[in-house]
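Colleague: The structure is given below, and queries will be raised subsequently.
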Amino acid sequence: MSSVRAAVEPGVGGLFVRAGVFAYIGMLVALPLAALLSTGLAQGLTALWQAVSAPAAVAALTLTLATAGVMALINAVTGTATAWVLVRYDFPGRGLLSGLVDLPFAIPTLVTGVMLVLLFGPQSPIGGWLARQGFQVAFATPSIVLALLFITVPFVVRAVEPVLMEQDPAEEEAARTLGASTFTVLRRVLLPPLAPAIISGTIRSYARALGEFGSIVVVSGNIPYKTLTAPIYVFGEIESGRAEVAAAVSVVLLTVALALTFGARAIERLAGVARA
Amino acid sequence: MRPTRHPAIHLLAALGLALTAALVACGGSEPAPGTGAVPAKAAPAKTRTLVLGAYTTPREAYGKAILPAFQRHWKEKTGEEVQFQESYLGSGAQARAIIGGFEADVAALSLEADVDTIAKAGLITHDWKAGAHQGMVSRSIVVLAVRPGNPKGVHDWDDLRKPGLAVLTPNVRTSGGAMWNVCAMYGAALRGQTAAPKGDPAQAEKLLTDVLRNVSVMDKGARESIVNFEKGVGDVAITYENEVLVGRKAGQPYEYVIPRSTILIENPVAVVDRYAEKHGVRDLADAFVAFVRTPEAQRAFAEYGLRSIDEGVAKEVAGQFPAVKDLFTIRDLGGWPEVQKTLFAPGAAYDRVSASIGPKP
């Protein structure tokens, strides 16, 4: 990778392209971020703190951080397992499985919400059965976690897959031949080199989940203090004409997401799997 | 890396190409007769376009009945063709879009306050409430939709306090229209039409607390709320009479109950002066706003479940719209600015109620 990078001659044309790309990403990503920050901070830090520390805002942020956390933990395990199956086994339907993993990125999240309500709503066989067992999924917290799990399926899988491919299966086999139990193989041989990829994939999925709106607004009950997540709280404040409160809560979500994204990059770089 | 996947991709690509080709072929044949016909029809008179920015409820009434009727009416009167550009959004979102630069010549919204916001932004320069019917064009009332046979025995606001009842009402933060629902029950309580004594805000707030505690889903908007109810969610939906009437017409099996005391919903319409003048359609916009208040247009609204502001039409369709024992308006609660202050401002009654049913101390 580094040899490819060094091969590019630093010429005038290259400089031009670099400036262009910088301007493009700057306009597209950095400029809106700056606009949000300036609105969020327009009334000063005290006002921002007041907006963010309002009980309803705190409850919404807590719910978002917590549901995303549960999702991330599940994702770390299931994502790694999925990647392992995809890389280590050749079986009929593997291409289909791999395609299914990418599908959530292609489906509008609003549609995800509709699908989940159709599956788990009170009128559906599954939702009805669960309700009779006293377990409500649709319009309750479990549906929020489910929706987040759905939309973030590819993150951990696609982060772990390339690392796993470079790993020699012979190591696993050697450990087994030497009498290591499955758990020991997992803990001592398989996971250590994967850990950075698992962690960065999980972090990225968490950051992505923080802002999820389309599916949540459909599957959740959206009741303040109970099932109202931060993005929907933000939407409500915009709708009620309180853009500065919306911006303040958005700034919190943004800060967490930014910190996590840079954290994920740092982990990747330390582990030597940096993408750029 | 995975050669097995390549044939599938090629197959998909080929299929995609074939489909595109087929679509292009089909589409290609259509414009020819269409483009040929348009100039022939429009040749004698010029055509002007009127941009309508509306909220979502009257979409069918406008699209299927009122706009075509106005086109006929205007053509007969002036010989000129009118084209419409329609946009339907939530009332608050539409108001913001118009302020943000969506150049609607006419704004037909759910809440007076939303039209006021446009006026405050300087886009409506005339006193839009000065005309007939204080700027209003349609009416409805807040009702309770219940399951067939009313199995939970819901007849009035107080019945919504029953423990274990699942109630649907949209979120007032995301749906301006949801404020009508809160105003309806709060107002009924203040007027002494519920178990709460007359003129006791604390008891009215208590009713609000008990009912909101039973709310199982707060949807983004009124439409989403009734759609969820149709899907089998909840025992009762606090909603508008027109939503229920339209739903029942479409074959939905639910019934509805009119509380003894409920609020009269009034929806405004106004010409957005700045944009109408900029587009040179002032006369057209004025004529349209006058037209929607004529009996012909009012009958169309009634067809789609909305009560009429025209007394004659209201009498004609009275059978469709049962009388309410104690019908009050937002003015009885002091008007929107006052209600905003006492009920919906940050820290006001609604906020207090949601906070009190939220975190368990």
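Scheme for the structure tokens: letters A, B, ... for chains in order shown; per-chain residue numbers from 1; ligand numbers from 1 in order shown.
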Need to verify the contact set: Leu333 in chain B, 9 Å, only C-alpha atoms, exclusion of same-chain residues closer than 5 positions in sequence. Can you return it as a list in words?

Modeller: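 Final neighbour list, sorted by chain and number: Cys183, Gly187, Leu190, Phe328, Glu338 and Val339 of chain B.
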
Colleague: Please identify all polymer residues within 8 Å of Thr141 in chain A, counting only C-alpha atoms, omitting same-chain residues fewer than 6 positions from it, and present them as a PyMOL selection string.

Modeller: chain A and resi 67+220+227

Colleague: Residues of chain A were defined as contacting chain B if any atom lay at most 7 Å from it, counting only C-alpha atoms; please report them as a PDB file with N, CA, C and O atoms, in the first residue's frame.

Modeller:
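Resulting contents of part.pdb:
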ATOM      1  N   GLY A  95     -22.185 -17.039  -1.317  1.00  0.00           N
ATOM      2  CA  GLY A  95     -22.331 -15.777  -2.030  1.00  0.00           C
ATOM      3  C   GLY A  95     -23.612 -15.068  -1.616  1.00  0.00           C
ATOM      4  O   GLY A  95     -23.631 -13.856  -1.411  1.00  0.00           O
ATOM      5  N   PRO A 122     -48.412  -6.020  16.646  1.00  0.00           N
ATOM      6  CA  PRO A 122     -49.355  -6.841  17.413  1.00  0.00           C
ATOM      7  C   PRO A 122     -50.246  -7.728  16.539  1.00  0.00           C
ATOM      8  O   PRO A 122     -50.756  -8.737  17.004  1.00  0.00           O
ATOM      9  N   GLN A 123     -50.414  -7.362  15.256  1.00  0.00           N
ATOM     10  CA  GLN A 123     -51.289  -8.156  14.397  1.00  0.00           C
ATOM     11  C   GLN A 123     -50.553  -9.316  13.735  1.00  0.00           C
ATOM     12  O   GLN A 123     -51.172 -10.188  13.153  1.00  0.00           O
ATOM     13  N   PHE A 139     -42.737  -1.023  19.035  1.00  0.00           N
ATOM     14  CA  PHE A 139     -43.066   0.178  19.801  1.00  0.00           C
ATOM     15  C   PHE A 139     -42.471   0.165  21.208  1.00  0.00           C
ATOM     16  O   PHE A 139     -42.903   0.892  22.077  1.00  0.00           O
ATOM     17  N   GLY A 221     -42.135   3.569  20.024  1.00  0.00           N
ATOM     18  CA  GLY A 221     -43.340   4.268  20.457  1.00  0.00           C
ATOM     19  C   GLY A 221     -43.147   5.775  20.535  1.00  0.00           C
ATOM     20  O   GLY A 221     -44.095   6.534  20.600  1.00  0.00           O
ATOM     21  N   ASN A 222     -41.876   6.225  20.542  1.00  0.00           N
ATOM     22  CA  ASN A 222     -41.534   7.654  20.570  1.00  0.00           C
ATOM     23  C   ASN A 222     -42.112   8.421  21.750  1.00  0.00           C
ATOM     24  O   ASN A 222     -42.458   9.592  21.623  1.00  0.00           O
ATOM     25  N   ILE A 223     -42.255   7.748  22.886  1.00  0.00           N
ATOM     26  CA  ILE A 223     -42.810   8.436  24.047  1.00  0.00           C
ATOM     27  C   ILE A 223     -41.668   9.016  24.882  1.00  0.00           C
ATOM     28  O   ILE A 223     -40.733   8.303  25.230  1.00  0.00           O
ATOM     29  N   PRO A 224     -41.745  10.336  25.147  1.00  0.00           N
ATOM     30  CA  PRO A 224     -40.668  10.968  25.901  1.00  0.00           C
ATOM     31  C   PRO A 224     -40.373  10.198  27.190  1.00  0.00           C
ATOM     32  O   PRO A 224     -41.300   9.695  27.827  1.00  0.00           O
ATOM     33  N   TYR A 225     -39.131  10.105  27.537  1.00  0.00           N
ATOM     34  CA  TYR A 225     -38.646   9.425  28.743  1.00  0.00           C
ATOM     35  C   TYR A 225     -38.725   7.908  28.644  1.00  0.00           C
ATOM     36  O   TYR A 225     -38.223   7.203  29.486  1.00  0.00           O
ATOM     37  N   LYS A 226     -39.402   7.386  27.635  1.00  0.00           N
ATOM     38  CA  LYS A 226     -39.524   5.928  27.546  1.00  0.00           C
ATOM     39  C   LYS A 226     -38.905   5.395  26.259  1.00  0.00           C
ATOM     40  O   LYS A 226     -37.961   4.627  26.302  1.00  0.00           O
ATOM     41  N   PHE A 235     -35.619  16.003  16.011  1.00  0.00           N
ATOM     42  CA  PHE A 235     -36.625  16.276  14.980  1.00  0.00           C
ATOM     43  C   PHE A 235     -37.817  17.031  15.585  1.00  0.00           C
ATOM     44  O   PHE A 235     -38.303  18.004  15.007  1.00  0.00           O
ATOM     45  N   GLY A 236     -38.267  16.584  16.751  1.00  0.00           N
ATOM     46  CA  GLY A 236     -39.385  17.240  17.422  1.00  0.00           C
ATOM     47  C   GLY A 236     -39.092  18.698  17.740  1.00  0.00           C
ATOM     48  O   GLY A 236     -39.951  19.561  17.587  1.00  0.00           O
ATOM     49  N   GLU A 237     -37.864  18.963  18.175  1.00  0.00           N
ATOM     50  CA  GLU A 237     -37.502  20.345  18.501  1.00  0.00           C
ATOM     51  C   GLU A 237     -37.462  21.202  17.238  1.00  0.00           C
ATOM     52  O   GLU A 237     -37.870  22.355  17.253  1.00  0.00           O
ATOM     53  N   GLU A 239     -39.303  20.663  14.584  1.00  0.00           N
ATOM     54  CA  GLU A 239     -40.709  20.836  14.206  1.00  0.00           C
ATOM     55  C   GLU A 239     -41.383  21.880  15.081  1.00  0.00           C
ATOM     56  O   GLU A 239     -42.328  22.525  14.673  1.00  0.00           O
ATOM     57  N   SER A 240     -40.948  22.000  16.338  1.00  0.00           N
ATOM     58  CA  SER A 240     -41.582  22.984  17.226  1.00  0.00           C
ATOM     59  C   SER A 240     -40.889  24.330  17.118  1.00  0.00           C
ATOM     60  O   SER A 240     -41.097  25.189  17.966  1.00  0.00           O
TER      61      SER A 240
END

Colleague: Using CA of Val353 in chain B and CA of Ile258 in chain B as the two end points, give the distance in Å to one decimal.

Modeller: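 Between CA of Val353 in chain B and CA of Ile258 in chain B the gap works out to 24.5 Å.
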
Colleague: Would you kindly return, as a list of chain:residue names, each protein, DNA or RNA residue with an atom no farther than 7 Å from any atom of range 124-129 of chain B, considering only C-alpha atoms and excluding same-chain residues fewer than 4 positions away?

Modeller: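 Surrounding residues, per the criterion: B:Ile118, B:Ala119, B:Gln134, B:Gly135, B:Ala270, B:Val272, B:Asp273, B:Arg274.
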
Colleague: Any chance you could list, as a PyMOL selection string, the residues in range 12-228 of chain B that come up helix (DSSP H, G or I) when DSSP is run on the backbone?

Modeller: chain B and resi 12-29+31-42+59-78+91-99+112-120+132-135+157-161+178-190+201-213+222-228

Colleague: Excluding Glu161 in chain A and its own-chain neighbours fewer than 4 positions away, which residues fall within 9 Å of it when counting only C-alpha atoms? Please give them as an MDAnalysis selection string.

Modeller: chainID A and resid 80 82:84 86:87 156:157 165:166 197

Colleague: Atoms to include: N, CA and C atoms. Write the selected residues as a PDB file, in the first residue's frame.

Modeller:
ATOM      1  N   THR A  80     -18.341 -10.868  14.079  1.00  0.00           N
ATOM      2  CA  THR A  80     -17.107 -11.650  13.998  1.00  0.00           C
ATOM      3  C   THR A  80     -17.418 -13.079  13.557  1.00  0.00           C
ATOM      4  N   THR A  82     -19.947 -14.099  11.822  1.00  0.00           N
ATOM      5  CA  THR A  82     -20.348 -14.097  10.418  1.00  0.00           C
ATOM      6  C   THR A  82     -19.119 -14.017   9.512  1.00  0.00           C
ATOM      7  N   ALA A  83     -18.196 -13.122   9.845  1.00  0.00           N
ATOM      8  CA  ALA A  83     -16.992 -12.967   9.032  1.00  0.00           C
ATOM      9  C   ALA A  83     -16.211 -14.279   9.012  1.00  0.00           C
ATOM     10  N   TRP A  84     -16.106 -14.913  10.163  1.00  0.00           N
ATOM     11  CA  TRP A  84     -15.360 -16.159  10.268  1.00  0.00           C
ATOM     12  C   TRP A  84     -15.961 -17.234   9.368  1.00  0.00           C
ATOM     13  N   LEU A  86     -17.816 -16.756   6.738  1.00  0.00           N
ATOM     14  CA  LEU A  86     -17.667 -16.379   5.331  1.00  0.00           C
ATOM     15  C   LEU A  86     -16.260 -16.647   4.814  1.00  0.00           C
ATOM     16  N   VAL A  87     -15.258 -16.459   5.691  1.00  0.00           N
ATOM     17  CA  VAL A  87     -13.873 -16.603   5.230  1.00  0.00           C
ATOM     18  C   VAL A  87     -13.395 -18.048   5.306  1.00  0.00           C
ATOM     19  N   VAL A 156     -19.121  -4.684  11.306  1.00  0.00           N
ATOM     20  CA  VAL A 156     -18.119  -5.562  11.914  1.00  0.00           C
ATOM     21  C   VAL A 156     -17.691  -6.642  10.914  1.00  0.00           C
ATOM     22  N   VAL A 157     -18.665  -7.198  10.192  1.00  0.00           N
ATOM     23  CA  VAL A 157     -18.345  -8.259   9.236  1.00  0.00           C
ATOM     24  C   VAL A 157     -17.289  -7.783   8.248  1.00  0.00           C
ATOM     25  N   MET A 165      -8.825 -12.969   6.427  1.00  0.00           N
ATOM     26  CA  MET A 165      -8.340 -13.595   5.201  1.00  0.00           C
ATOM     27  C   MET A 165      -6.822 -13.700   5.204  1.00  0.00           C
ATOM     28  N   GLU A 166      -6.153 -12.691   5.802  1.00  0.00           N
ATOM     29  CA  GLU A 166      -4.694 -12.706   5.828  1.00  0.00           C
ATOM     30  C   GLU A 166      -4.152 -13.685   6.860  1.00  0.00           C
ATOM     31  N   ALA A 197      -9.664  -4.911  14.543  1.00  0.00           N
ATOM     32  CA  ALA A 197     -10.702  -4.816  13.510  1.00  0.00           C
ATOM     33  C   ALA A 197     -12.095  -4.931  14.129  1.00  0.00           C
TER      34      ALA A 197
END
